[in-house]
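Engineer: Sending over query.txt (compact mmCIF, C-alpha atoms and all ligand atoms).
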```txt
# COMPACT_ATOMS: atom_id res chain seq x y z
CA MET A 213 87.03 -49.27 78.72
CA ILE A 214 86.81 -49.40 74.93
CA ARG A 215 85.82 -52.83 73.67
CA PRO A 216 87.56 -54.05 70.53
CA ARG A 217 85.29 -54.48 67.55
CA VAL A 218 85.58 -57.25 64.98
CA GLU A 219 83.38 -57.12 61.89
CA ILE A 220 82.70 -60.27 59.89
CA TYR A 221 81.39 -60.27 56.33
CA ARG A 222 80.22 -63.14 54.20
CA THR A 223 81.02 -63.48 50.50
CA GLU A 224 80.98 -66.61 48.36
CA SER A 225 83.89 -66.07 46.01
CA TYR A 226 86.86 -63.99 44.94
CA GLU A 227 84.76 -61.68 42.80
CA GLY A 228 86.13 -58.16 42.87
CA GLY A 229 82.75 -56.38 43.07
CA PRO A 230 81.36 -57.97 46.27
CA VAL A 231 84.75 -57.87 48.03
CA ARG A 232 85.11 -54.18 47.18
CA ASP A 233 81.57 -53.44 48.41
CA ILE A 234 82.36 -55.08 51.75
CA LEU A 235 85.50 -53.04 52.26
CA ARG A 236 83.82 -49.84 51.10
CA SER A 237 81.30 -50.26 53.89
CA TYR A 238 84.04 -50.90 56.49
CA PHE A 239 86.52 -48.07 55.86
CA THR A 240 85.92 -44.32 56.11
CA ARG A 241 87.60 -41.27 54.56
CA GLU A 242 89.18 -40.35 57.93
CA ASP A 243 91.07 -43.65 57.87
CA PHE A 244 93.21 -42.75 54.86
CA TYR A 245 92.71 -39.20 53.59
CA GLY A 246 96.11 -37.62 52.90
CA LYS A 247 98.01 -40.58 54.35
CA LYS A 248 100.70 -42.88 52.99
CA VAL A 249 99.22 -46.35 53.40
CA LEU A 250 101.06 -49.68 53.19
CA LEU A 251 99.21 -52.93 52.47
CA LYS A 252 100.98 -55.91 54.08
CA PRO A 253 99.66 -59.18 52.60
CA ASN A 254 100.83 -62.73 53.37
CA MET A 255 103.26 -63.37 50.49
CA LEU A 256 104.98 -66.37 52.04
CA GLN A 257 106.32 -67.94 48.88
CA ALA A 258 105.98 -68.02 45.10
CA HIS A 259 102.67 -69.91 44.93
CA GLU A 260 99.69 -69.22 42.70
CA PRO A 261 96.62 -67.70 44.39
CA GLY A 262 94.59 -70.92 43.95
CA ARG A 263 96.91 -72.76 46.37
CA ASN A 264 95.64 -70.53 49.20
CA VAL A 265 99.11 -70.15 50.70
CA THR A 266 99.03 -66.37 50.20
CA THR A 267 96.51 -63.53 50.45
CA HIS A 268 94.34 -63.51 47.34
CA PRO A 269 95.16 -60.64 44.95
CA VAL A 270 91.45 -59.77 44.60
CA VAL A 271 91.33 -58.86 48.31
CA VAL A 272 94.56 -56.85 48.09
CA LYS A 273 93.37 -55.02 44.98
CA ALA A 274 90.00 -54.20 46.55
CA VAL A 275 91.70 -52.69 49.62
CA ALA A 276 94.07 -50.68 47.39
CA GLU A 277 91.11 -49.32 45.40
CA ILE A 278 89.27 -48.26 48.57
CA VAL A 279 92.37 -46.58 50.06
CA MET A 280 92.83 -44.58 46.86
CA GLU A 281 89.12 -43.74 46.59
CA LEU A 282 89.27 -42.40 50.14
CA GLY A 283 92.21 -40.11 49.39
CA GLY A 284 95.18 -42.21 50.53
CA GLU A 285 98.44 -42.89 48.74
CA CYS A 286 98.87 -46.66 48.60
CA ALA A 287 101.68 -49.23 48.26
CA ILE A 288 102.03 -52.99 48.78
CA GLY A 289 105.00 -54.52 50.59
CA ASP A 290 106.25 -57.75 52.15
CA SER A 291 109.30 -59.97 52.59
CA PRO A 292 108.67 -63.61 51.68
CA SER A 293 110.49 -66.68 52.95
CA GLY A 294 114.09 -66.68 51.65
CA TRP A 295 115.97 -63.51 50.83
CA GLY A 296 116.94 -61.11 48.08
CA ARG A 297 115.15 -58.89 45.62
CA LYS A 298 114.95 -61.59 42.93
CA ASN A 299 113.27 -64.02 45.33
CA ALA A 300 110.78 -61.34 46.47
CA LEU A 301 109.95 -60.38 42.88
CA GLU A 302 109.40 -64.02 41.99
CA ALA A 303 106.97 -64.40 44.91
CA ALA A 304 105.23 -61.12 44.06
CA GLY A 305 104.85 -62.26 40.45
CA LYS A 306 103.50 -65.74 41.09
CA THR A 307 101.07 -64.69 43.84
CA GLY A 308 99.51 -62.08 41.54
CA LEU A 309 100.42 -59.24 43.91
CA LEU A 310 102.91 -57.54 41.58
CA LYS A 311 100.21 -57.45 38.89
CA VAL A 312 97.89 -55.70 41.36
CA ALA A 313 100.55 -53.03 41.99
CA GLU A 314 101.10 -52.60 38.23
CA GLU A 315 97.38 -52.39 37.43
CA MET A 316 96.82 -49.85 40.19
CA GLY A 317 99.97 -47.87 39.32
CA ILE A 318 101.26 -48.17 42.90
CA LYS A 319 104.63 -49.06 44.36
CA PHE A 320 105.63 -52.57 45.39
CA GLU A 321 107.99 -52.22 48.36
CA ILE A 322 110.58 -54.97 48.68
CA PHE A 323 111.88 -54.99 52.23
CA ASP A 324 114.90 -57.20 51.49
CA GLY A 325 117.91 -55.00 50.82
CA SER A 326 116.21 -51.81 52.08
CA PRO A 327 118.20 -49.66 54.52
CA THR A 328 117.10 -50.52 58.06
CA ARG A 329 116.69 -48.71 61.36
CA GLN A 330 117.15 -50.16 64.85
CA VAL A 331 113.91 -49.98 66.82
CA LYS A 332 113.96 -50.48 70.60
CA ILE A 333 111.52 -53.02 72.06
CA LYS A 334 110.34 -51.98 75.52
CA GLY A 335 109.78 -55.05 77.68
CA GLY A 336 111.11 -57.42 74.98
CA THR A 337 112.00 -60.87 76.25
CA VAL A 338 113.76 -62.39 73.21
CA TYR A 339 114.53 -59.13 71.36
CA ARG A 340 115.41 -55.81 73.06
CA GLU A 341 115.71 -54.12 69.67
CA ILE A 342 115.17 -55.09 66.07
CA SER A 343 116.18 -53.92 62.59
CA LEU A 344 113.20 -52.82 60.54
CA PRO A 345 113.27 -51.69 56.90
CA GLU A 346 113.00 -47.95 56.26
CA ASN A 347 110.59 -48.64 53.40
CA TYR A 348 108.20 -50.13 55.95
CA LEU A 349 108.70 -47.49 58.67
CA LYS A 350 108.04 -44.53 56.35
CA TYR A 351 104.31 -45.30 56.04
CA ASP A 352 101.69 -43.48 58.17
CA THR A 353 99.18 -46.33 58.16
CA VAL A 354 99.57 -50.09 57.78
CA ILE A 355 96.79 -52.42 56.70
CA ASN A 356 97.63 -56.00 57.59
CA LEU A 357 96.16 -58.50 55.09
CA PRO A 358 96.68 -62.03 56.45
CA LYS A 359 95.21 -65.28 55.18
CA LEU A 360 93.38 -67.64 57.55
CA LYS A 361 95.72 -70.65 57.76
CA THR A 362 96.82 -73.27 60.23
CA HIS A 363 100.50 -73.60 61.11
CA SER A 364 102.36 -76.70 62.27
CA LEU A 365 104.49 -74.75 64.75
CA THR A 366 102.21 -71.93 65.88
CA VAL A 367 98.77 -73.65 65.46
CA PHE A 368 97.49 -70.75 63.33
CA THR A 369 99.13 -68.07 61.23
CA LEU A 370 96.74 -65.13 61.42
CA GLY A 371 97.00 -61.37 61.89
CA VAL A 372 99.70 -61.03 64.55
CA LYS A 373 101.98 -63.66 62.97
CA ASN A 374 101.57 -62.07 59.52
CA MET A 375 103.47 -59.02 60.74
CA MET A 376 106.60 -61.18 60.85
CA GLY A 377 106.84 -60.47 57.10
CA VAL A 378 108.12 -56.95 57.83
CA VAL A 379 111.36 -58.53 59.03
CA PRO A 380 113.59 -58.73 55.96
CA GLY A 381 115.01 -61.92 54.51
CA LEU A 382 116.98 -64.37 56.55
CA ALA A 383 116.51 -62.40 59.80
CA LYS A 384 113.17 -64.24 59.95
CA SER A 385 114.85 -67.62 60.34
CA ILE A 386 117.05 -66.16 63.11
CA PHE A 387 113.77 -65.81 65.05
CA HIS A 388 113.48 -69.59 64.97
CA LYS A 389 117.09 -70.07 66.01
CA ARG A 390 116.77 -67.70 68.98
CA ALA A 391 113.36 -69.05 69.95
CA PRO A 392 113.25 -72.73 68.90
CA HIS A 393 110.16 -73.79 70.91
CA PRO A 394 106.60 -72.62 70.22
CA GLU A 395 106.22 -70.81 73.57
CA LYS A 396 109.49 -68.91 73.17
CA PHE A 397 108.78 -68.25 69.50
CA ALA A 398 105.49 -66.68 70.61
CA CYS A 399 107.53 -64.38 72.90
CA ALA A 400 109.72 -63.34 69.96
CA ILE A 401 106.64 -62.61 67.83
CA ALA A 402 105.06 -60.61 70.69
CA ASP A 403 108.31 -58.59 70.99
CA LEU A 404 108.10 -57.77 67.29
CA TYR A 405 104.35 -57.13 67.35
CA SER A 406 104.77 -54.52 70.10
CA VAL A 407 106.60 -52.28 67.60
CA VAL A 408 104.75 -53.16 64.36
CA LYS A 409 101.09 -53.12 65.42
CA PRO A 410 99.09 -52.48 62.26
CA ASP A 411 96.31 -49.89 62.13
CA PHE A 412 93.82 -52.28 60.53
CA THR A 413 93.67 -55.99 59.82
CA VAL A 414 91.57 -57.39 56.98
CA MET A 415 91.73 -61.17 56.92
CA ASP A 416 91.16 -63.13 53.72
CA ALA A 417 89.14 -66.13 54.91
CA ILE A 418 87.12 -66.67 51.73
CA GLU A 419 89.24 -69.74 51.06
CA ALA A 420 91.29 -70.72 54.14
CA MET A 421 93.83 -73.48 54.82
CA GLU A 422 93.25 -76.19 57.43
CA GLY A 423 95.33 -79.21 58.53
CA ASP A 424 99.07 -79.13 57.83
CA GLY A 425 99.45 -75.41 57.09
CA PRO A 426 100.99 -73.02 56.27
CA VAL A 427 101.85 -74.60 52.87
CA ASN A 428 100.72 -78.21 52.66
CA GLY A 429 97.28 -77.97 54.26
CA ARG A 430 93.88 -78.37 52.60
CA THR A 431 91.77 -75.59 51.17
CA ARG A 432 88.65 -74.93 53.22
CA LYS A 433 85.87 -72.64 51.97
CA ILE A 434 84.97 -70.31 54.82
CA ASN A 435 83.44 -67.47 52.78
CA ARG A 436 84.38 -64.76 55.28
CA ILE A 437 86.32 -61.52 55.47
CA PHE A 438 87.23 -60.35 58.99
CA CYS A 439 88.03 -56.69 59.67
CA SER A 440 89.28 -55.00 62.83
CA ALA A 441 91.57 -52.30 64.18
CA GLU A 442 92.54 -54.78 66.95
CA THR A 443 94.55 -57.62 65.43
CA ASN A 444 94.77 -59.92 68.44
CA ALA A 445 91.03 -59.59 69.08
CA LEU A 446 90.40 -60.53 65.44
CA ASP A 447 92.72 -63.54 65.77
CA ALA A 448 90.94 -64.67 68.96
CA VAL A 449 87.53 -64.44 67.27
CA VAL A 450 88.78 -66.48 64.29
CA GLU A 451 90.34 -69.10 66.57
CA LYS A 452 87.12 -69.52 68.56
CA MET A 453 85.10 -69.86 65.35
CA CYS A 454 87.58 -72.55 64.20
CA GLY A 455 86.99 -74.44 67.47
CA ALA A 456 90.23 -73.49 69.27
CA ASP A 457 90.67 -71.79 72.63
CA PRO A 458 92.74 -68.60 72.05
CA LEU A 459 94.60 -69.32 75.29
CA SER A 460 95.85 -72.57 73.70
CA VAL A 461 97.42 -70.63 70.81
CA PRO A 462 100.82 -69.46 72.10
CA ILE A 463 101.08 -66.21 70.10
CA THR A 464 97.53 -65.05 70.90
CA ARG A 465 98.02 -65.89 74.58
CA GLU A 466 101.41 -64.16 74.82
CA VAL A 467 100.14 -60.96 73.17
CA TYR A 468 97.12 -61.01 75.50
CA GLU A 469 99.14 -61.67 78.67
CA ARG A 470 101.48 -58.78 77.86
CA GLY A 471 98.51 -56.44 77.49
CA LEU A 472 99.22 -55.89 73.80
CA GLY A 473 95.81 -57.14 72.60
CA LYS A 474 92.52 -58.46 73.92
CA ILE A 475 90.91 -61.85 73.50
CA ASN A 476 87.56 -61.30 75.23
CA ASN A 477 84.92 -58.61 75.77
CA ILE A 478 84.92 -58.13 72.01
CA ASP A 479 82.03 -56.64 70.05
CA ILE A 480 81.52 -59.06 67.18
CA ILE A 481 79.42 -57.65 64.34
CA ARG A 482 78.22 -60.25 61.85
CA HIS A 483 77.03 -58.66 58.60
CA TYR A 484 75.05 -61.74 57.54
CA LYS A 485 72.07 -63.75 58.66
CA GLU A 486 73.33 -67.27 57.91
CA ASN A 487 74.77 -69.47 60.66
CA ASP A 488 78.50 -70.24 60.91
CA ARG A 489 78.33 -73.85 59.69
CA GLU A 490 81.30 -73.28 57.38
CA PHE A 491 83.56 -73.52 60.43
CA ASP A 492 82.21 -76.91 61.64
CA GLY A 493 84.99 -79.47 62.06
CA PHE A 494 87.75 -77.07 61.04
CA ARG A 495 90.99 -79.06 61.38
CA VAL A 496 93.73 -77.44 63.41
CA PRO A 497 97.10 -79.26 63.67
CA LEU A 498 97.01 -82.44 65.75
CA VAL A 499 98.60 -81.49 69.09
CA PRO A 500 96.33 -78.49 69.82
CA ARG A 501 93.36 -80.60 68.70
CA LEU A 502 94.28 -83.31 71.24
CA GLY A 503 94.91 -80.55 73.80
CA ARG A 504 91.15 -80.03 74.00
CA PHE A 505 90.74 -83.49 75.54
CA ILE A 506 94.13 -84.45 77.03
CA PRO A 507 95.91 -82.54 79.84
CA ARG A 508 99.17 -80.84 78.93
CA PHE A 509 101.39 -83.10 81.10
CA ALA A 510 99.95 -86.23 79.41
CA LEU A 511 100.55 -84.73 75.98
CA GLY A 512 104.15 -84.07 77.06
CA MET A 513 104.60 -87.74 78.04
CA PHE A 514 103.46 -88.89 74.61
CA SER A 515 105.23 -86.16 72.66
CA PRO A 516 107.88 -88.47 71.07
CA LEU A 517 105.02 -90.53 69.60
CA LEU A 518 103.22 -87.39 68.45
CA ASP A 519 106.30 -85.94 66.78
CA ARG A 520 106.14 -84.51 63.27
CA TYR A 521 109.22 -84.01 61.19
CA PRO A 522 110.19 -82.93 57.67
CA ARG A 523 110.75 -85.47 54.92
CA VAL A 524 111.47 -84.90 51.27
CA GLU A 525 109.22 -86.28 48.54
CA ARG A 526 111.93 -87.25 46.09
CA GLN A 527 109.79 -87.16 42.99
CA ASN A 528 109.10 -83.42 43.48
CA CYS A 529 112.58 -82.31 44.52
CA THR A 530 114.56 -80.27 41.99
CA TYR A 531 117.75 -80.24 44.16
CA CYS A 532 117.71 -76.45 44.43
CA ARG A 533 119.09 -76.53 48.04
CA LYS A 534 116.85 -73.69 49.18
CA CYS A 535 115.74 -75.81 52.15
CA ALA A 536 119.34 -76.03 53.38
CA GLU A 537 119.91 -72.30 52.93
CA ILE A 538 116.91 -71.36 55.08
CA CYS A 539 117.35 -73.91 57.90
CA PRO A 540 118.20 -71.90 61.05
CA VAL A 541 120.10 -74.76 62.70
CA ASP A 542 121.94 -76.36 59.73
CA ALA A 543 119.92 -79.55 59.99
CA VAL A 544 119.75 -80.12 56.21
CA SER A 545 122.61 -81.73 54.30
CA PHE A 546 123.08 -83.27 50.86
CA SER A 547 124.94 -86.53 50.86
CA GLU A 548 123.70 -87.25 47.36
CA ARG A 549 121.53 -84.71 45.57
CA ILE A 550 118.52 -85.25 47.82
CA PRO A 551 118.26 -83.31 51.11
CA GLU A 552 118.61 -85.23 54.34
CA PHE A 553 117.31 -83.96 57.67
CA ASN A 554 119.27 -84.36 60.89
CA LEU A 555 116.33 -84.87 63.24
CA LYS A 556 118.50 -84.46 66.34
CA LYS A 557 119.33 -80.92 65.29
CA CYS A 558 115.96 -80.13 63.70
CA ILE A 559 113.72 -77.81 65.77
CA ARG A 560 110.56 -78.58 63.72
CA CYS A 561 110.11 -74.99 62.58
CA PHE A 562 109.17 -76.19 59.06
CA CYS A 563 110.85 -73.15 57.47
CA CYS A 564 112.24 -75.63 54.93
CA GLY A 565 108.71 -76.64 53.91
CA GLU A 566 107.67 -72.98 53.64
CA ARG A 567 110.73 -72.22 51.51
CA CYS A 568 110.61 -75.20 49.16
CA PRO A 569 109.34 -73.90 45.82
CA GLU A 570 108.16 -77.36 44.76
CA SER A 571 106.21 -78.23 47.96
CA ALA A 572 108.53 -81.25 48.08
CA ILE A 573 108.87 -81.29 51.88
CA ALA A 574 106.07 -83.13 53.61
CA GLU A 575 105.29 -83.25 57.30
CA LYS A 576 105.74 -86.88 58.39
CA LYS A 577 104.05 -88.10 61.54
CA ARG A 578 105.10 -90.67 64.14
CA LEU A 579 102.81 -93.55 65.00
CA LEU A 580 100.35 -91.90 67.40
CA ALA A 581 100.25 -88.72 65.35
CA ALA A 582 99.44 -90.71 62.21
CA ILE A 583 96.72 -92.71 64.02
CA PHE A 584 94.99 -89.69 65.53
CA ASP A 585 95.27 -87.40 62.53
S1 LIG B 601 113.33 -80.24 48.98
FE1 LIG B 601 112.60 -78.41 47.94
S2 LIG B 601 113.95 -76.78 48.63
FE2 LIG B 601 114.97 -78.71 49.14
S3 LIG B 601 116.29 -79.14 47.42
FE3 LIG B 601 114.37 -80.20 47.01
S4 LIG B 601 113.15 -78.74 45.80
FE4 LIG B 601 114.82 -77.57 46.73
S1 LIG B 602 115.18 -79.09 58.90
FE1 LIG B 602 113.41 -77.85 58.40
S2 LIG B 602 112.04 -78.10 60.16
FE2 LIG B 602 114.06 -78.79 60.79
S3 LIG B 602 114.99 -76.99 61.71
FE3 LIG B 602 115.64 -77.03 59.58
S4 LIG B 602 114.14 -75.73 58.55
FE4 LIG B 602 113.27 -76.26 60.54
```
As structure tokens, how would this structure be written, given the file I've shared?
Ligand code: SF4
Ligand code: SF4
Structural biologist:
Amino acid sequence: MIRPRVEIYRTESYEGGPVRDILRSYFTREDFYGKKVLLKPNMLQAHEPGRNVTTHPVVVKAVAEIVMELGGECAIGDSPSGWGRKNALEAAGKTGLLKVAEEMGIKFEIFDGSPTRQVKIKGGTVYREISLPENYLKYDTVINLPKLKTHSLTVFTLGVKNMMGVVPGLAKSIFHKRAPHPEKFACAIADLYSVVKPDFTVMDAIEAMEGDGPVNGRTRKINRIFCSAETNALDAVVEKMCGADPLSVPITREVYERGLGKINNIDIIRHYKENDREFDGFRVPLVPRLGRFIPRFALGMFSPLLDRYPRVERQNCTYCRKCAEICPVDAVSFSERIPEFNLKKCIRCFCCGERCPESAIAEKKRLLAAIFD
């Protein structure tokens, strides 16, 4: 049985030279020679690289340079939160990823608005087939470039979850509507992952996000780049290093239980001598953190007191209504100009917070959640 291999590199900053050297030592000519290669970063929203919401352009550029050096034809592509070409170009511009494509003279694929093809999902539980953009499917090789971040709904957003960005536009929020609870959402992501498994995953964990990710968390210097051809194995290694049990992370567990990716018997190659202190005390969202000490049934009993819900920070709101447009269950309304959230309808997917261009939607916590956090 072939054991998955996850390689971990240490680098202190987003300096192009050291990042490029790391990736040059990881990839080989056979990986890319003569192939059409797509780089799939995390381009969630139009945020500047320093916010650490999106994959840093230095990492994306370094991978593009290596692919081209090794004889591949390279492009970058993603579909951010929201929809439409204008929205995608705005995100590509602000995250610095469009500039990378321009500097390298390579194509930036916008999945929104591309012709699509129906792809059957064998063994799918939420989706039996899915529409995928032709300008994603035409590539021979996909390099997945996620950012290490926590996520209020899914605990983490790592390599497997990052592939959700190949689903164009608003179809992403339909995922939340069809699968409103974390366990079912993990099934929907596993359905998708079974037909979009990337060839390589390179995770930007030089500066990660902990706490209330994927947008409003805190930056955490981790100084690592993770590389693997086995995305779920990479995710499991990252989760363990962050102090979480991969079986407590619904997406990682679901992918593992379906036999789509491993979480143990992994060869972990550390290309550094230092210890892993940078991960000490890494803050995952509250409920999984409590799950380490409190049985699941007890957590269920206290769940109303541990609830988190969206609330607008009025001073930052520009009344753009993008939060209402993205909400999969129509839980956002505007009685005056300020958005109001119908918490009976709300499924706590926090798509509104991801979509808000002003980071004006905070995650509010009920009593116990606020005390423990
Ligand atoms: S909360 Fe954000 S997305 Fe919603 S209207 Fe205000 S600025 Fe726009
Ligand atoms: S209001 Fe926000 S968190 Fe609630 S369902 Fe709508 S998008 Fe999701």
Engineer: Do you have, as JSON lines, the list of residues of chain A lying at most 12 Å from ligand LIG 601 (chain B), each with its nearest atom pair and that distance in Å to one decimal, counting all atoms listed in the file and ordered by chain then number?
Structural biologist:
```
{"residue": "A:Gln257", "atom": "CA", "partner": "B:LIG601", "partner_atom": "S2", "distance": 11.7}
{"residue": "A:Ser293", "atom": "CA", "partner": "B:LIG601", "partner_atom": "S2", "distance": 11.5}
{"residue": "A:Gly294", "atom": "CA", "partner": "B:LIG601", "partner_atom": "S2", "distance": 10.5}
{"residue": "A:Pro522", "atom": "CA", "partner": "B:LIG601", "partner_atom": "S1", "distance": 9.6}
{"residue": "A:Arg523", "atom": "CA", "partner": "B:LIG601", "partner_atom": "S1", "distance": 8.3}
{"residue": "A:Val524", "atom": "CA", "partner": "B:LIG601", "partner_atom": "S1", "distance": 5.5}
{"residue": "A:Glu525", "atom": "CA", "partner": "B:LIG601", "partner_atom": "S1", "distance": 7.3}
{"residue": "A:Arg526", "atom": "CA", "partner": "B:LIG601", "partner_atom": "FE3", "distance": 7.5}
{"residue": "A:Gln527", "atom": "CA", "partner": "B:LIG601", "partner_atom": "FE3", "distance": 9.3}
{"residue": "A:Asn528", "atom": "CA", "partner": "B:LIG601", "partner_atom": "S4", "distance": 6.6}
{"residue": "A:Cys529", "atom": "CA", "partner": "B:LIG601", "partner_atom": "FE3", "distance": 3.7}
{"residue": "A:Thr530", "atom": "CA", "partner": "B:LIG601", "partner_atom": "S4", "distance": 4.3}
{"residue": "A:Tyr531", "atom": "CA", "partner": "B:LIG601", "partner_atom": "S3", "distance": 3.7}
{"residue": "A:Cys532", "atom": "CA", "partner": "B:LIG601", "partner_atom": "FE4", "distance": 3.9}
{"residue": "A:Arg533", "atom": "CA", "partner": "B:LIG601", "partner_atom": "S3", "distance": 3.9}
{"residue": "A:Lys534", "atom": "CA", "partner": "B:LIG601", "partner_atom": "S2", "distance": 4.3}
{"residue": "A:Cys535", "atom": "CA", "partner": "B:LIG601", "partner_atom": "S2", "distance": 4.1}
{"residue": "A:Ala536", "atom": "CA", "partner": "B:LIG601", "partner_atom": "FE2", "distance": 6.7}
{"residue": "A:Glu537", "atom": "CA", "partner": "B:LIG601", "partner_atom": "S2", "distance": 8.6}
{"residue": "A:Ile538", "atom": "CA", "partner": "B:LIG601", "partner_atom": "S2", "distance": 8.9}
{"residue": "A:Cys539", "atom": "CA", "partner": "B:LIG601", "partner_atom": "FE2", "distance": 10.3}
{"residue": "A:Ala543", "atom": "CA", "partner": "B:LIG601", "partner_atom": "FE2", "distance": 12.0}
{"residue": "A:Val544", "atom": "CA", "partner": "B:LIG601", "partner_atom": "FE2", "distance": 8.6}
{"residue": "A:Ser545", "atom": "CA", "partner": "B:LIG601", "partner_atom": "S3", "distance": 9.7}
{"residue": "A:Phe546", "atom": "CA", "partner": "B:LIG601", "partner_atom": "S3", "distance": 8.7}
{"residue": "A:Ser547", "atom": "CA", "partner": "B:LIG601", "partner_atom": "S3", "distance": 11.9}
{"residue": "A:Glu548", "atom": "CA", "partner": "B:LIG601", "partner_atom": "S3", "distance": 11.0}
{"residue": "A:Arg549", "atom": "CA", "partner": "B:LIG601", "partner_atom": "S3", "distance": 7.9}
{"residue": "A:Ile550", "atom": "CA", "partner": "B:LIG601", "partner_atom": "S3", "distance": 6.5}
{"residue": "A:Pro551", "atom": "CA", "partner": "B:LIG601", "partner_atom": "S3", "distance": 5.9}
{"residue": "A:Glu552", "atom": "CA", "partner": "B:LIG601", "partner_atom": "S1", "distance": 9.0}
{"residue": "A:Phe553", "atom": "CA", "partner": "B:LIG601", "partner_atom": "S1", "distance": 10.3}
{"residue": "A:Phe562", "atom": "CA", "partner": "B:LIG601", "partner_atom": "S2", "distance": 11.5}
{"residue": "A:Cys563", "atom": "CA", "partner": "B:LIG601", "partner_atom": "S2", "distance": 10.0}
{"residue": "A:Cys564", "atom": "CA", "partner": "B:LIG601", "partner_atom": "S2", "distance": 6.6}
{"residue": "A:Gly565", "atom": "CA", "partner": "B:LIG601", "partner_atom": "FE1", "distance": 7.3}
{"residue": "A:Glu566", "atom": "CA", "partner": "B:LIG601", "partner_atom": "S2", "distance": 8.9}
{"residue": "A:Arg567", "atom": "CA", "partner": "B:LIG601", "partner_atom": "S2", "distance": 6.3}
{"residue": "A:Cys568", "atom": "CA", "partner": "B:LIG601", "partner_atom": "S2", "distance": 3.7}
{"residue": "A:Pro569", "atom": "CA", "partner": "B:LIG601", "partner_atom": "FE1", "distance": 6.0}
{"residue": "A:Glu570", "atom": "CA", "partner": "B:LIG601", "partner_atom": "S4", "distance": 5.3}
{"residue": "A:Ser571", "atom": "CA", "partner": "B:LIG601", "partner_atom": "FE1", "distance": 6.4}
{"residue": "A:Ala572", "atom": "CA", "partner": "B:LIG601", "partner_atom": "FE1", "distance": 5.0}
{"residue": "A:Ile573", "atom": "CA", "partner": "B:LIG601", "partner_atom": "S1", "distance": 5.4}
{"residue": "A:Ala574", "atom": "CA", "partner": "B:LIG601", "partner_atom": "S1", "distance": 9.1}
{"residue": "A:Glu575", "atom": "CA", "partner": "B:LIG601", "partner_atom": "S1", "distance": 12.0}
```
Engineer: State, in Å with one decimal place, the distance from atom CA of Arg430 of chain A to atom CA of Pro292 of chain A.
Structural biologist: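 It comes out at 20.9 Å.
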Engineer: Which residue, A:Arg232, A:Arg263, A:Lys576, A:Lys396, has the smallest gap to ligand LIG 602 (chain B) when you use only C-alpha atoms and all ligand atoms?
Structural biologist: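 Looking at the shortest contact to ligand LIG 602 (chain B), the residue is A:Lys576.
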Engineer: Quick one: distance from atom CA of Ala287 of chain A to atom CA of Lys361 of chain A in Å, one decimal?
Structural biologist: 24.2 Å
Engineer: Using all atoms listed in the file, which residues sit within 10 Å of Phe239 of chain A once same-chain residues fewer than 2 positions away are excluded, as a list of chain:residue names?
Structural biologist: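 The residues that qualify are A:Ile234, A:Leu235, A:Arg236, A:Ser237, A:Arg241, A:Glu242, A:Asp243, A:Phe244, A:Val275, A:Ile278, A:Val279, A:Leu282, A:Phe412, A:Cys439.
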Engineer: Find the residues with any atom within 7 Å of (97.6, -71.1, 66.6); use all atoms listed in the file and the coordinates as given in the file, and write the answer as number ranges by chain.
Structural biologist: A: 362-363, 366-369, 461-463
Engineer: Counting all atoms listed in the file, figure out which residue out of A:His388, A:Lys433, A:Lys485, A:Arg578 gets nearest to ligand LIG 602 (chain B).
Structural biologist: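 Under the stated criterion, the closest residue is A:His388.
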Engineer: Mind checking which residues fall within 10 Å of Glu490 of chain A, counting all atoms listed in the file, ignoring those fewer than 5 positions away in the same chain, and posting them as an MDAnalysis selection string?
Structural biologist: chainID A and resid 432:436 453:454
Engineer: Please identify all polymer residues within 8 Å of Lys359 of chain A, counting all atoms listed in the file, omitting same-chain residues fewer than 3 positions from it, and present them as an mmCIF file with C-alpha atoms, in the frame of the given file.
Structural biologist:
```cif
data_model
loop_
_atom_site.group_PDB
_atom_site.id
_atom_site.type_symbol
_atom_site.label_atom_id
_atom_site.label_comp_id
_atom_site.auth_asym_id
_atom_site.auth_seq_id
_atom_site.Cartn_x
_atom_site.Cartn_y
_atom_site.Cartn_z
ATOM 1 C CA PRO A 253 99.660 -59.180 52.600
ATOM 2 C CA ASN A 254 100.830 -62.730 53.370
ATOM 3 C CA ASN A 264 95.640 -70.530 49.200
ATOM 4 C CA VAL A 265 99.110 -70.150 50.700
ATOM 5 C CA THR A 266 99.030 -66.370 50.200
ATOM 6 C CA THR A 267 96.510 -63.530 50.450
ATOM 7 C CA THR A 369 99.130 -68.070 61.230
ATOM 8 C CA LEU A 370 96.740 -65.130 61.420
ATOM 9 C CA GLY A 371 97.000 -61.370 61.890
ATOM 10 C CA MET A 415 91.730 -61.170 56.920
ATOM 11 C CA ASP A 416 91.160 -63.130 53.720
ATOM 12 C CA ALA A 417 89.140 -66.130 54.910
ATOM 13 C CA ALA A 420 91.290 -70.720 54.140
#
```
Engineer: Counting only C-alpha atoms, what is within 8 Å of segment 311-326 of chain A, bar same-chain residues fewer than 4 positions away, as a PyMOL selection string?
Structural biologist: chain A and resi 269+272-273+276-277+286-291+295-297+300-301+305+345-348+378-381
Engineer: Pick out the closest residue to Ile475 of chain A from this set: A:Val541, A:Ala456, A:Val449, A:Cys399. Count only C-alpha atoms.
Structural biologist: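 Nearest candidate to Ile475 of chain A out of A:Val541, A:Ala456, A:Val449, A:Cys399: A:Val449.
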Engineer: Under the rule that only C-alpha atoms are counted, which of A:His268, A:Leu360, A:Lys452, A:Gly308 is the nearest residue to Asp492 of chain A?
Structural biologist: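 So, comparing all the options, the nearest one is A:Lys452.
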Engineer: Please determine, counting only C-alpha atoms, which residue among A:Gly455, A:Gly246, A:Phe438, A:Pro230 has the shortest atom-to-atom distance to Arg482 of chain A.
Structural biologist: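 Of A:Gly455, A:Gly246, A:Phe438, A:Pro230, the one nearest Arg482 of chain A, counting only C-alpha atoms, is A:Phe438.
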